[in-house]
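What follows is the content of data-v3.txt, which has compact mmCIF, N, CA and C atoms:
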# COMPACT_ATOMS: atom_id res chain seq x y z
N MET A 639 49.35 90.07 114.42
CA MET A 639 50.09 88.93 113.91
C MET A 639 49.82 87.72 114.79
N ASN A 640 49.93 86.59 114.19
CA ASN A 640 49.75 85.33 114.90
C ASN A 640 51.00 84.48 114.66
N TYR A 641 51.71 84.20 115.74
CA TYR A 641 52.94 83.42 115.66
C TYR A 641 52.73 82.11 114.90
N ILE A 642 51.70 81.38 115.24
CA ILE A 642 51.46 80.06 114.64
C ILE A 642 51.20 80.19 113.14
N SER A 643 50.44 81.19 112.73
CA SER A 643 50.20 81.39 111.29
C SER A 643 51.49 81.69 110.55
N LEU A 644 52.35 82.51 111.16
CA LEU A 644 53.63 82.83 110.53
C LEU A 644 54.51 81.59 110.40
N ILE A 645 54.56 80.79 111.45
CA ILE A 645 55.38 79.59 111.44
C ILE A 645 54.86 78.59 110.42
N ASN A 646 53.55 78.35 110.43
CA ASN A 646 52.96 77.40 109.47
C ASN A 646 53.18 77.87 108.04
N ASN A 647 53.01 79.16 107.80
CA ASN A 647 53.23 79.71 106.47
C ASN A 647 54.68 79.54 106.05
N PHE A 648 55.60 79.78 106.98
CA PHE A 648 57.02 79.62 106.66
C PHE A 648 57.31 78.20 106.19
N TRP A 649 56.80 77.19 106.90
CA TRP A 649 57.13 75.81 106.54
C TRP A 649 56.47 75.40 105.23
N ILE A 650 55.32 75.95 104.92
CA ILE A 650 54.69 75.67 103.62
C ILE A 650 55.56 76.24 102.50
N ILE A 651 56.00 77.48 102.67
CA ILE A 651 56.84 78.11 101.64
C ILE A 651 58.21 77.43 101.58
N ASP A 652 58.72 76.98 102.74
CA ASP A 652 60.01 76.30 102.78
C ASP A 652 60.01 75.03 101.93
N GLU A 653 58.89 74.35 101.84
CA GLU A 653 58.82 73.13 101.03
C GLU A 653 59.09 73.42 99.56
N HIS A 654 58.88 74.65 99.14
CA HIS A 654 59.10 75.03 97.74
C HIS A 654 60.39 75.82 97.55
N GLN A 655 60.80 76.55 98.58
CA GLN A 655 61.99 77.40 98.47
C GLN A 655 63.26 76.73 98.99
N ASN A 656 63.11 75.71 99.82
CA ASN A 656 64.26 75.01 100.42
C ASN A 656 65.22 75.98 101.11
N PHE A 657 64.71 76.68 102.12
CA PHE A 657 65.53 77.62 102.86
C PHE A 657 66.67 76.90 103.56
N ASN A 658 67.83 77.54 103.60
CA ASN A 658 68.96 76.96 104.32
C ASN A 658 68.88 77.37 105.79
N GLY A 659 69.83 76.93 106.58
CA GLY A 659 69.82 77.21 108.02
C GLY A 659 69.91 78.69 108.34
N THR A 660 70.70 79.43 107.58
CA THR A 660 70.84 80.86 107.83
C THR A 660 69.55 81.59 107.55
N GLU A 661 68.89 81.27 106.45
CA GLU A 661 67.63 81.92 106.11
C GLU A 661 66.56 81.60 107.15
N THR A 662 66.54 80.36 107.60
CA THR A 662 65.57 79.95 108.62
C THR A 662 65.84 80.67 109.93
N ARG A 663 67.10 80.68 110.34
CA ARG A 663 67.47 81.36 111.59
C ARG A 663 67.15 82.85 111.52
N LEU A 664 67.44 83.48 110.41
CA LEU A 664 67.15 84.90 110.24
C LEU A 664 65.66 85.16 110.36
N TYR A 665 64.85 84.38 109.67
CA TYR A 665 63.40 84.60 109.72
C TYR A 665 62.87 84.45 111.14
N PHE A 666 63.26 83.38 111.81
CA PHE A 666 62.74 83.16 113.15
C PHE A 666 63.26 84.20 114.14
N TYR A 667 64.47 84.70 113.93
CA TYR A 667 64.95 85.78 114.79
C TYR A 667 64.16 87.06 114.53
N LEU A 668 63.83 87.33 113.28
CA LEU A 668 63.06 88.53 112.96
C LEU A 668 61.65 88.46 113.53
N ILE A 669 61.01 87.29 113.49
CA ILE A 669 59.67 87.24 114.10
C ILE A 669 59.78 87.31 115.63
N HIS A 670 60.90 86.85 116.19
CA HIS A 670 61.13 87.04 117.62
C HIS A 670 61.25 88.53 117.94
N LEU A 671 62.01 89.27 117.14
CA LEU A 671 62.14 90.71 117.36
C LEU A 671 60.80 91.42 117.21
N ALA A 672 60.03 91.04 116.20
CA ALA A 672 58.72 91.65 115.99
C ALA A 672 57.80 91.38 117.18
N ASN A 673 57.82 90.17 117.69
CA ASN A 673 57.00 89.84 118.85
C ASN A 673 57.46 90.63 120.07
N ARG A 674 58.77 90.72 120.26
CA ARG A 674 59.33 91.44 121.40
C ARG A 674 59.00 92.93 121.35
N SER A 675 58.81 93.47 120.16
CA SER A 675 58.46 94.88 120.02
C SER A 675 56.96 95.08 119.84
N TYR A 676 56.18 94.08 120.27
CA TYR A 676 54.71 94.14 120.25
C TYR A 676 54.14 94.33 118.84
N TRP A 677 54.76 93.70 117.88
CA TRP A 677 54.30 93.63 116.49
C TRP A 677 54.13 95.00 115.85
N LYS A 678 55.11 95.87 116.09
CA LYS A 678 55.13 97.13 115.35
C LYS A 678 55.26 96.80 113.87
N GLU A 679 54.82 97.72 113.03
CA GLU A 679 54.86 97.45 111.59
C GLU A 679 56.30 97.22 111.11
N TRP A 680 57.24 98.00 111.60
CA TRP A 680 58.65 97.88 111.22
C TRP A 680 59.49 97.67 112.47
N VAL A 681 60.50 96.82 112.37
CA VAL A 681 61.44 96.56 113.45
C VAL A 681 62.82 96.97 112.94
N GLU A 682 63.57 97.69 113.75
CA GLU A 682 64.92 98.12 113.36
C GLU A 682 65.95 97.29 114.11
N PHE A 683 67.00 96.90 113.37
CA PHE A 683 68.08 96.13 113.99
C PHE A 683 69.34 96.34 113.18
N GLY A 684 70.44 96.58 113.84
CA GLY A 684 71.71 96.86 113.17
C GLY A 684 72.28 95.62 112.48
N ASP A 685 72.83 95.81 111.31
CA ASP A 685 73.41 94.71 110.54
C ASP A 685 74.58 94.06 111.27
N GLU A 686 75.42 94.87 111.91
CA GLU A 686 76.59 94.31 112.60
C GLU A 686 76.16 93.38 113.74
N ARG A 687 75.19 93.81 114.50
CA ARG A 687 74.69 92.97 115.60
C ARG A 687 74.01 91.72 115.05
N LEU A 688 73.25 91.87 113.98
CA LEU A 688 72.55 90.73 113.39
C LEU A 688 73.55 89.71 112.83
N LYS A 689 74.59 90.20 112.15
CA LYS A 689 75.63 89.31 111.63
C LYS A 689 76.32 88.57 112.77
N ALA A 690 76.59 89.28 113.87
CA ALA A 690 77.25 88.64 115.01
C ALA A 690 76.33 87.62 115.67
N TYR A 691 75.07 87.95 115.79
CA TYR A 691 74.14 87.04 116.44
C TYR A 691 73.95 85.76 115.62
N ILE A 692 73.78 85.92 114.31
CA ILE A 692 73.55 84.76 113.45
C ILE A 692 74.86 84.06 113.10
N GLY A 693 75.97 84.81 113.12
CA GLY A 693 77.27 84.24 112.83
C GLY A 693 77.54 84.10 111.34
N VAL A 694 77.23 85.17 110.59
CA VAL A 694 77.42 85.13 109.14
C VAL A 694 78.14 86.39 108.67
N SER A 695 78.59 86.34 107.44
CA SER A 695 79.23 87.51 106.83
C SER A 695 78.17 88.43 106.22
N SER A 696 78.61 89.59 105.77
CA SER A 696 77.70 90.54 105.14
C SER A 696 77.05 89.94 103.90
N ALA A 697 77.82 89.25 103.09
CA ALA A 697 77.29 88.67 101.85
C ALA A 697 76.23 87.61 102.15
N VAL A 698 76.47 86.79 103.15
CA VAL A 698 75.50 85.74 103.50
C VAL A 698 74.23 86.37 104.06
N LEU A 699 74.35 87.41 104.87
CA LEU A 699 73.17 88.11 105.40
C LEU A 699 72.37 88.72 104.26
N ARG A 700 73.05 89.37 103.32
CA ARG A 700 72.34 89.96 102.17
C ARG A 700 71.59 88.90 101.39
N SER A 701 72.25 87.78 101.14
CA SER A 701 71.62 86.70 100.38
C SER A 701 70.40 86.15 101.11
N ALA A 702 70.52 85.94 102.40
CA ALA A 702 69.40 85.40 103.19
C ALA A 702 68.23 86.37 103.21
N ARG A 703 68.53 87.65 103.41
CA ARG A 703 67.45 88.66 103.41
C ARG A 703 66.74 88.70 102.07
N ASN A 704 67.52 88.66 100.99
CA ASN A 704 66.92 88.73 99.66
C ASN A 704 66.03 87.52 99.38
N LYS A 705 66.48 86.34 99.79
CA LYS A 705 65.67 85.15 99.54
C LYS A 705 64.36 85.20 100.33
N LEU A 706 64.41 85.66 101.58
CA LEU A 706 63.18 85.79 102.37
C LEU A 706 62.26 86.86 101.79
N GLN A 707 62.84 87.92 101.26
CA GLN A 707 62.04 88.97 100.63
C GLN A 707 61.40 88.46 99.34
N ASN A 708 62.15 87.73 98.52
CA ASN A 708 61.61 87.18 97.28
C ASN A 708 60.50 86.16 97.54
N ALA A 709 60.56 85.50 98.70
CA ALA A 709 59.52 84.53 99.08
C ALA A 709 58.32 85.22 99.72
N LEU A 710 58.36 86.55 99.79
CA LEU A 710 57.28 87.38 100.36
C LEU A 710 57.04 87.10 101.84
N LEU A 711 58.12 86.77 102.56
CA LEU A 711 58.02 86.58 104.00
C LEU A 711 58.36 87.86 104.76
N ILE A 712 59.30 88.64 104.22
CA ILE A 712 59.70 89.88 104.86
C ILE A 712 59.86 90.97 103.81
N ASP A 713 59.90 92.19 104.30
CA ASP A 713 60.35 93.33 103.50
C ASP A 713 61.39 94.04 104.35
N PHE A 714 62.29 94.73 103.72
CA PHE A 714 63.31 95.44 104.49
C PHE A 714 63.79 96.66 103.74
N VAL A 715 64.30 97.62 104.51
CA VAL A 715 64.93 98.82 103.98
C VAL A 715 66.30 98.87 104.61
N ILE A 716 67.32 98.82 103.78
CA ILE A 716 68.70 98.75 104.26
C ILE A 716 69.09 100.07 104.91
N GLY A 717 69.73 99.96 106.06
CA GLY A 717 70.26 101.14 106.74
C GLY A 717 71.55 101.58 106.10
N GLY A 718 72.12 102.64 106.60
CA GLY A 718 73.37 103.15 106.07
C GLY A 718 74.56 102.49 106.72
N GLN A 719 75.73 103.03 106.49
CA GLN A 719 76.96 102.53 107.08
C GLN A 719 77.03 102.95 108.54
N GLY A 720 77.69 102.15 109.34
CA GLY A 720 77.89 102.50 110.74
C GLY A 720 76.86 101.84 111.63
N TYR A 721 77.00 102.14 112.91
CA TYR A 721 76.15 101.49 113.91
C TYR A 721 74.86 102.25 114.18
N ARG A 722 74.79 103.49 113.80
CA ARG A 722 73.62 104.30 114.16
C ARG A 722 72.44 104.11 113.21
N VAL A 723 72.69 103.79 111.97
CA VAL A 723 71.61 103.64 111.00
C VAL A 723 71.31 102.15 110.85
N LYS A 724 70.15 101.75 111.30
CA LYS A 724 69.80 100.34 111.34
C LYS A 724 68.90 99.97 110.17
N THR A 725 68.94 98.71 109.80
CA THR A 725 68.05 98.20 108.76
C THR A 725 66.67 98.00 109.36
N ARG A 726 65.66 98.35 108.61
CA ARG A 726 64.27 98.19 109.05
C ARG A 726 63.69 96.95 108.40
N TYR A 727 63.01 96.13 109.20
CA TYR A 727 62.40 94.89 108.73
C TYR A 727 60.90 94.91 108.98
N GLN A 728 60.18 94.34 108.04
CA GLN A 728 58.73 94.18 108.20
C GLN A 728 58.39 92.72 107.95
N ILE A 729 57.66 92.11 108.87
CA ILE A 729 57.18 90.75 108.69
C ILE A 729 55.89 90.84 107.89
N LEU A 730 55.86 90.20 106.75
CA LEU A 730 54.69 90.27 105.89
C LEU A 730 53.63 89.28 106.33
N THR A 731 52.39 89.69 106.21
CA THR A 731 51.27 88.84 106.58
C THR A 731 51.16 87.69 105.59
N PRO A 732 51.00 86.46 106.09
CA PRO A 732 50.94 85.31 105.19
C PRO A 732 49.72 85.35 104.28
N ASN A 733 49.93 84.88 103.08
CA ASN A 733 48.83 84.67 102.15
C ASN A 733 48.25 83.31 102.48
N LEU A 734 47.03 83.29 103.02
CA LEU A 734 46.44 82.04 103.48
C LEU A 734 45.98 81.15 102.33
N ASN A 735 45.96 81.68 101.12
CA ASN A 735 45.60 80.89 99.94
C ASN A 735 46.72 80.99 98.91
N PRO A 736 47.88 80.40 99.21
CA PRO A 736 48.99 80.53 98.26
C PRO A 736 48.66 79.86 96.94
N ASN A 737 49.22 80.40 95.87
CA ASN A 737 48.99 79.85 94.54
C ASN A 737 49.96 78.72 94.28
N LEU A 738 49.68 77.57 94.87
CA LEU A 738 50.51 76.40 94.67
C LEU A 738 49.89 75.53 93.60
N LYS A 739 50.73 74.91 92.82
CA LYS A 739 50.22 73.97 91.85
C LYS A 739 49.59 72.80 92.59
N PRO A 740 48.49 72.24 92.10
CA PRO A 740 47.83 71.16 92.83
C PRO A 740 48.75 70.00 93.18
N ASN A 741 49.67 69.63 92.28
CA ASN A 741 50.55 68.50 92.58
C ASN A 741 51.68 68.88 93.53
N LEU A 742 51.82 70.18 93.86
CA LEU A 742 52.85 70.60 94.79
C LEU A 742 52.26 71.05 96.13
N ASP A 743 50.94 71.02 96.26
CA ASP A 743 50.31 71.44 97.51
C ASP A 743 50.75 70.51 98.63
N PRO A 744 51.51 71.02 99.60
CA PRO A 744 52.06 70.14 100.64
C PRO A 744 51.00 69.50 101.52
N LEU A 745 49.82 70.10 101.59
CA LEU A 745 48.78 69.53 102.44
C LEU A 745 48.06 68.37 101.75
N ASN A 746 48.15 68.30 100.43
CA ASN A 746 47.46 67.24 99.70
C ASN A 746 48.42 66.36 98.92
N ASN A 747 49.69 66.48 99.19
CA ASN A 747 50.69 65.74 98.43
C ASN A 747 50.93 64.37 99.06
N MET A 748 50.08 63.44 98.76
CA MET A 748 50.21 62.08 99.28
C MET A 748 51.01 61.27 98.28
N LYS A 749 52.04 60.65 98.76
CA LYS A 749 52.90 59.86 97.89
C LYS A 749 52.24 58.51 97.64
N THR A 750 52.19 58.11 96.39
CA THR A 750 51.56 56.85 96.04
C THR A 750 52.56 55.99 95.28
N ASN A 751 52.80 54.82 95.80
CA ASN A 751 53.62 53.85 95.08
C ASN A 751 52.68 52.80 94.52
N THR A 752 52.82 52.50 93.27
CA THR A 752 51.94 51.52 92.66
C THR A 752 52.73 50.25 92.39
N LYS A 753 52.36 49.21 93.11
CA LYS A 753 52.95 47.90 92.91
C LYS A 753 51.83 46.90 93.10
N GLN A 754 51.78 45.95 92.26
CA GLN A 754 50.76 44.91 92.41
C GLN A 754 51.45 43.59 92.68
N TYR A 755 50.91 42.86 93.65
CA TYR A 755 51.46 41.57 94.00
C TYR A 755 50.40 40.51 93.72
N ASN A 756 50.66 39.65 92.77
CA ASN A 756 49.74 38.56 92.44
C ASN A 756 50.36 37.24 92.86
N TYR A 757 49.52 36.39 93.40
CA TYR A 757 49.98 35.06 93.82
C TYR A 757 49.73 34.11 92.65
N LYS A 758 50.82 33.55 92.12
CA LYS A 758 50.68 32.67 90.97
C LYS A 758 51.75 31.59 91.06
N ASN A 759 51.32 30.37 90.97
CA ASN A 759 52.22 29.22 91.03
C ASN A 759 53.09 29.23 92.29
N GLY A 760 52.49 29.60 93.42
CA GLY A 760 53.21 29.58 94.68
C GLY A 760 54.18 30.74 94.86
N LYS A 761 54.12 31.78 93.99
CA LYS A 761 55.02 32.93 94.11
C LYS A 761 54.20 34.21 93.99
N PHE A 762 54.72 35.28 94.58
CA PHE A 762 54.11 36.59 94.44
C PHE A 762 54.81 37.35 93.33
N SER A 763 54.05 38.05 92.54
CA SER A 763 54.64 38.94 91.55
C SER A 763 54.19 40.37 91.87
N LYS A 764 54.98 41.34 91.48
CA LYS A 764 54.66 42.73 91.80
C LYS A 764 53.45 43.19 91.00
N ASN A 765 52.47 43.73 91.70
CA ASN A 765 51.30 44.36 91.11
C ASN A 765 50.30 44.74 92.20
N ALA A 766 50.67 45.45 93.24
CA ALA A 766 49.74 45.88 94.29
C ALA A 766 49.84 47.40 94.42
N ILE A 767 48.84 47.99 94.99
CA ILE A 767 48.84 49.44 95.18
C ILE A 767 49.06 49.71 96.66
N ILE A 768 50.08 50.50 96.94
CA ILE A 768 50.41 50.88 98.31
C ILE A 768 50.33 52.40 98.37
N THR A 769 49.50 52.92 99.24
CA THR A 769 49.34 54.36 99.36
C THR A 769 49.48 54.76 100.81
N ASN A 770 50.31 55.73 101.06
CA ASN A 770 50.39 56.32 102.39
C ASN A 770 50.93 57.74 102.27
N GLY A 771 50.96 58.47 103.36
CA GLY A 771 51.41 59.86 103.35
C GLY A 771 52.86 60.03 103.68
N SER A 772 53.62 58.97 103.77
CA SER A 772 55.02 59.08 104.16
C SER A 772 55.86 59.54 102.98
N ASP A 773 56.84 60.36 103.27
CA ASP A 773 57.80 60.80 102.25
C ASP A 773 58.97 59.86 102.15
N PHE A 774 58.98 58.80 102.95
CA PHE A 774 60.13 57.91 103.03
C PHE A 774 59.91 56.59 102.31
N ASN A 775 58.93 56.49 101.44
CA ASN A 775 58.71 55.25 100.68
C ASN A 775 59.57 55.23 99.46
Encoded form (structure tokens):
Amino acid sequence: MNYISLINNFWIIDEHQNFNGTETRLYFYLIHLANRSYWKEWVEFGDERLKAYIGVSSAVLRSARNKLQNALLIDFVIGGQGYRVKTRYQILTPNLNPNLKPNLDPLNNMKTNTKQYNYKNGKFSKNAIITNGSDFN
């Protein structure tokens, strides 16, 4: 696994999935656990400890896990009840060629504002083309 590839892939997918803070925190904690365990295929961690660490309820944890799984970032197998049976997590390898629509590709999505400014009779009128990569135009 490559930390940078996982992080870059997460932010690309985040632009389309709009992950909330809990989902983001969960994912980054899981890749931390995977790294700490030398990138074993599966990492085990108890739900009670994970809920306490992230500061969420069972329902919020379930929702966050499901959203990350649906986005193909993780896979998991739910543990049983109690502290001894832990949930198993797998960090999925990023798809380096995601099937993004061309107009949604975050690497090529340059925002273009079209305005034309013509000078006529001592005044400017709108009609110029302004192009930049900022999302704040």
Interface rows for stretch 691-735 of chain A against stretch 649-663 of chain A: nearest pair, Å to one decimal, 8 Å, only N, CA and C atoms, as a tab-separated table:
residue	atom	partner	partner_atom	distance
A:Ile692	CA	A:Arg663	C	7.0
A:Val694	CA	A:Thr660	CA	8.0
A:Val698	C	A:Thr660	CA	7.5
A:Leu699	CA	A:Thr660	C	7.8
A:Ser701	C	A:Glu661	CA	7.1
A:Ala702	CA	A:Glu661	CA	4.9
A:Arg703	N	A:Glu661	CA	6.4
A:Lys705	C	A:Glu661	CA	7.4
A:Leu706	N	A:Glu661	CA	6.7
A:Ala709	CA	A:Ile651	CA	7.4
Please write the residues from the selection above to a file, keeping N, CA and C atoms, as a PDB file, in the frame of the given file.
ATOM      1  N   ILE A 692      73.780  85.920 114.310  1.00  0.00           N
ATOM      2  CA  ILE A 692      73.550  84.760 113.450  1.00  0.00           C
ATOM      3  C   ILE A 692      74.860  84.060 113.100  1.00  0.00           C
ATOM      4  N   VAL A 694      77.230  85.170 110.590  1.00  0.00           N
ATOM      5  CA  VAL A 694      77.420  85.130 109.140  1.00  0.00           C
ATOM      6  C   VAL A 694      78.140  86.390 108.670  1.00  0.00           C
ATOM      7  N   VAL A 698      76.470  86.790 103.150  1.00  0.00           N
ATOM      8  CA  VAL A 698      75.500  85.740 103.500  1.00  0.00           C
ATOM      9  C   VAL A 698      74.230  86.370 104.060  1.00  0.00           C
ATOM     10  N   LEU A 699      74.350  87.410 104.870  1.00  0.00           N
ATOM     11  CA  LEU A 699      73.170  88.110 105.400  1.00  0.00           C
ATOM     12  C   LEU A 699      72.370  88.720 104.260  1.00  0.00           C
ATOM     13  N   SER A 701      72.250  87.780 101.140  1.00  0.00           N
ATOM     14  CA  SER A 701      71.620  86.700 100.380  1.00  0.00           C
ATOM     15  C   SER A 701      70.400  86.150 101.110  1.00  0.00           C
ATOM     16  N   ALA A 702      70.520  85.940 102.400  1.00  0.00           N
ATOM     17  CA  ALA A 702      69.400  85.400 103.190  1.00  0.00           C
ATOM     18  C   ALA A 702      68.230  86.370 103.210  1.00  0.00           C
ATOM     19  N   ARG A 703      68.530  87.650 103.410  1.00  0.00           N
ATOM     20  CA  ARG A 703      67.450  88.660 103.410  1.00  0.00           C
ATOM     21  C   ARG A 703      66.740  88.700 102.070  1.00  0.00           C
ATOM     22  N   LYS A 705      66.480  86.340  99.790  1.00  0.00           N
ATOM     23  CA  LYS A 705      65.670  85.150  99.540  1.00  0.00           C
ATOM     24  C   LYS A 705      64.360  85.200 100.330  1.00  0.00           C
ATOM     25  N   LEU A 706      64.410  85.660 101.580  1.00  0.00           N
ATOM     26  CA  LEU A 706      63.180  85.790 102.370  1.00  0.00           C
ATOM     27  C   LEU A 706      62.260  86.860 101.790  1.00  0.00           C
ATOM     28  N   ALA A 709      60.560  85.500  98.700  1.00  0.00           N
ATOM     29  CA  ALA A 709      59.520  84.530  99.080  1.00  0.00           C
ATOM     30  C   ALA A 709      58.320  85.220  99.720  1.00  0.00           C
TER      31      ALA A 709
END
Quiz item: Interatomic distance between atom CA of A:Tyr691 and atom CA of A:Ile645?
Solution: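 That distance, rounded to one decimal, is 20.8 Å.
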Would you return as a CSV table (one decimal) with N, CA and C atoms, keeping the file's coordinate frame the members of stretch 643-747 of chain A that DSSP assigns to alpha helix (DSSP H) on this structure's backbone?
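The resulting file, part.csv, is shown below:
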chain,number,residue,atom,x,y,z
A,643,SER,N,50.4,81.2,112.7
A,643,SER,CA,50.2,81.4,111.3
A,643,SER,C,51.5,81.7,110.6
A,644,LEU,N,52.4,82.5,111.2
A,644,LEU,CA,53.6,82.8,110.5
A,644,LEU,C,54.5,81.6,110.4
A,645,ILE,N,54.6,80.8,111.4
A,645,ILE,CA,55.4,79.6,111.4
A,645,ILE,C,54.9,78.6,110.4
A,646,ASN,N,53.6,78.4,110.4
A,646,ASN,CA,53.0,77.4,109.5
A,646,ASN,C,53.2,77.9,108.0
A,647,ASN,N,53.0,79.2,107.8
A,647,ASN,CA,53.2,79.7,106.5
A,647,ASN,C,54.7,79.5,106.0
A,648,PHE,N,55.6,79.8,107.0
A,648,PHE,CA,57.0,79.6,106.7
A,648,PHE,C,57.3,78.2,106.2
A,649,TRP,N,56.8,77.2,106.9
A,649,TRP,CA,57.1,75.8,106.5
A,649,TRP,C,56.5,75.4,105.2
A,650,ILE,N,55.3,76.0,104.9
A,650,ILE,CA,54.7,75.7,103.6
A,650,ILE,C,55.6,76.2,102.5
A,651,ILE,N,56.0,77.5,102.7
A,651,ILE,CA,56.8,78.1,101.6
A,651,ILE,C,58.2,77.4,101.6
A,652,ASP,N,58.7,77.0,102.7
A,652,ASP,CA,60.0,76.3,102.8
A,652,ASP,C,60.0,75.0,101.9
A,653,GLU,N,58.9,74.4,101.8
A,653,GLU,CA,58.8,73.1,101.0
A,653,GLU,C,59.1,73.4,99.6
A,654,HIS,N,58.9,74.6,99.1
A,654,HIS,CA,59.1,75.0,97.7
A,654,HIS,C,60.4,75.8,97.6
A,655,GLN,N,60.8,76.6,98.6
A,655,GLN,CA,62.0,77.4,98.5
A,655,GLN,C,63.3,76.7,99.0
A,659,GLY,N,69.8,76.9,106.6
A,659,GLY,CA,69.8,77.2,108.0
A,659,GLY,C,69.9,78.7,108.3
A,660,THR,N,70.7,79.4,107.6
A,660,THR,CA,70.8,80.9,107.8
A,660,THR,C,69.6,81.6,107.6
A,661,GLU,N,68.9,81.3,106.4
A,661,GLU,CA,67.6,81.9,106.1
A,661,GLU,C,66.6,81.6,107.2
A,662,THR,N,66.5,80.4,107.6
A,662,THR,CA,65.6,80.0,108.6
A,662,THR,C,65.8,80.7,109.9
A,663,ARG,N,67.1,80.7,110.3
A,663,ARG,CA,67.5,81.4,111.6
A,663,ARG,C,67.2,82.8,111.5
A,664,LEU,N,67.4,83.5,110.4
A,664,LEU,CA,67.2,84.9,110.2
A,664,LEU,C,65.7,85.2,110.4
A,665,TYR,N,64.8,84.4,109.7
A,665,TYR,CA,63.4,84.6,109.7
A,665,TYR,C,62.9,84.4,111.1
A,666,PHE,N,63.3,83.4,111.8
A,666,PHE,CA,62.7,83.2,113.2
A,666,PHE,C,63.3,84.2,114.1
A,667,TYR,N,64.5,84.7,113.9
A,667,TYR,CA,65.0,85.8,114.8
A,667,TYR,C,64.2,87.1,114.5
A,668,LEU,N,63.8,87.3,113.3
A,668,LEU,CA,63.1,88.5,113.0
A,668,LEU,C,61.6,88.5,113.5
A,669,ILE,N,61.0,87.3,113.5
A,669,ILE,CA,59.7,87.2,114.1
A,669,ILE,C,59.8,87.3,115.6
A,670,HIS,N,60.9,86.8,116.2
A,670,HIS,CA,61.1,87.0,117.6
A,670,HIS,C,61.2,88.5,117.9
A,671,LEU,N,62.0,89.3,117.1
A,671,LEU,CA,62.1,90.7,117.4
A,671,LEU,C,60.8,91.4,117.2
A,672,ALA,N,60.0,91.0,116.2
A,672,ALA,CA,58.7,91.6,116.0
A,672,ALA,C,57.8,91.4,117.2
A,673,ASN,N,57.8,90.2,117.7
A,673,ASN,CA,57.0,89.8,118.8
A,673,ASN,C,57.5,90.6,120.1
A,674,ARG,N,58.8,90.7,120.3
A,674,ARG,CA,59.3,91.4,121.4
A,674,ARG,C,59.0,92.9,121.4
A,685,ASP,N,72.8,95.8,111.3
A,685,ASP,CA,73.4,94.7,110.5
A,685,ASP,C,74.6,94.1,111.3
A,686,GLU,N,75.4,94.9,111.9
A,686,GLU,CA,76.6,94.3,112.6
A,686,GLU,C,76.2,93.4,113.7
A,687,ARG,N,75.2,93.8,114.5
A,687,ARG,CA,74.7,93.0,115.6
A,687,ARG,C,74.0,91.7,115.0
A,688,LEU,N,73.2,91.9,114.0
A,688,LEU,CA,72.6,90.7,113.4
A,688,LEU,C,73.6,89.7,112.8
A,689,LYS,N,74.6,90.2,112.2
A,689,LYS,CA,75.6,89.3,111.6
A,689,LYS,C,76.3,88.6,112.8
A,690,ALA,N,76.6,89.3,113.9
A,690,ALA,CA,77.2,88.6,115.0
A,690,ALA,C,76.3,87.6,115.7
A,691,TYR,N,75.1,88.0,115.8
A,691,TYR,CA,74.1,87.0,116.4
A,691,TYR,C,74.0,85.8,115.6
A,692,ILE,N,73.8,85.9,114.3
A,692,ILE,CA,73.6,84.8,113.4
A,692,ILE,C,74.9,84.1,113.1
A,696,SER,N,78.6,89.6,105.8
A,696,SER,CA,77.7,90.5,105.1
A,696,SER,C,77.0,89.9,103.9
A,697,ALA,N,77.8,89.2,103.1
A,697,ALA,CA,77.3,88.7,101.8
A,697,ALA,C,76.2,87.6,102.2
A,698,VAL,N,76.5,86.8,103.2
A,698,VAL,CA,75.5,85.7,103.5
A,698,VAL,C,74.2,86.4,104.1
A,699,LEU,N,74.4,87.4,104.9
A,699,LEU,CA,73.2,88.1,105.4
A,699,LEU,C,72.4,88.7,104.3
A,700,ARG,N,73.0,89.4,103.3
A,700,ARG,CA,72.3,90.0,102.2
A,700,ARG,C,71.6,88.9,101.4
A,701,SER,N,72.2,87.8,101.1
A,701,SER,CA,71.6,86.7,100.4
A,701,SER,C,70.4,86.2,101.1
A,702,ALA,N,70.5,85.9,102.4
A,702,ALA,CA,69.4,85.4,103.2
A,702,ALA,C,68.2,86.4,103.2
A,703,ARG,N,68.5,87.6,103.4
A,703,ARG,CA,67.4,88.7,103.4
A,703,ARG,C,66.7,88.7,102.1
A,704,ASN,N,67.5,88.7,101.0
A,704,ASN,CA,66.9,88.7,99.7
A,704,ASN,C,66.0,87.5,99.4
A,705,LYS,N,66.5,86.3,99.8
A,705,LYS,CA,65.7,85.2,99.5
A,705,LYS,C,64.4,85.2,100.3
A,706,LEU,N,64.4,85.7,101.6
A,706,LEU,CA,63.2,85.8,102.4
A,706,LEU,C,62.3,86.9,101.8
A,707,GLN,N,62.8,87.9,101.3
A,707,GLN,CA,62.0,89.0,100.6
A,707,GLN,C,61.4,88.5,99.3
A,708,ASN,N,62.2,87.7,98.5
A,708,ASN,CA,61.6,87.2,97.3
A,708,ASN,C,60.5,86.2,97.5
Quiz item: In Å, how far is it from atom N of A:Leu644 to atom N of A:Arg726?
Solution: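 Taking atom N of A:Leu644 and atom N of A:Arg726, their separation equals 20.8 Å.
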Quiz item: In Å to one decimal, how far is atom N of A:Tyr667 from atom N of A:Ser695?
Solution: 15.6 Å
Enclose stretch 639-646 of chain A, meaning all of its atoms listed in the file, in a box aligned along x, y and z, pad it by 8 Å on each side, and list the centre and edge lengths in Å to one decimal, as AutoDock Vina command-line options.
--center_x 52.4 --center_y 83.7 --center_z 111.9 --size_x 22.0 --size_y 28.7 --size_z 23.7
Fewer than 5 positions away in the same chain doesn't count, so skip those; otherwise give me all residues within 8 Å of A:Ile716, counting all atoms listed in the file, as a JSON list (two decimals) with N, CA and C atoms, keeping the file's coordinate frame.
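Result file is result.json:
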[["chain", "number", "residue", "atom", "x", "y", "z"],
["A", 723, "VAL", "N", 72.69, 103.79, 111.97],
["A", 723, "VAL", "CA", 71.61, 103.64, 111.00],
["A", 723, "VAL", "C", 71.31, 102.15, 110.85],
["A", 724, "LYS", "N", 70.15, 101.75, 111.30],
["A", 724, "LYS", "CA", 69.80, 100.34, 111.34],
["A", 724, "LYS", "C", 68.90, 99.97, 110.17],
["A", 725, "THR", "N", 68.94, 98.71, 109.80],
["A", 725, "THR", "CA", 68.05, 98.20, 108.76],
["A", 725, "THR", "C", 66.67, 98.00, 109.36],
["A", 726, "ARG", "N", 65.66, 98.35, 108.61],
["A", 726, "ARG", "CA", 64.27, 98.19, 109.05],
["A", 726, "ARG", "C", 63.69, 96.95, 108.40],
["A", 727, "TYR", "N", 63.01, 96.13, 109.20],
["A", 727, "TYR", "CA", 62.40, 94.89, 108.73],
["A", 727, "TYR", "C", 60.90, 94.91, 108.98]]
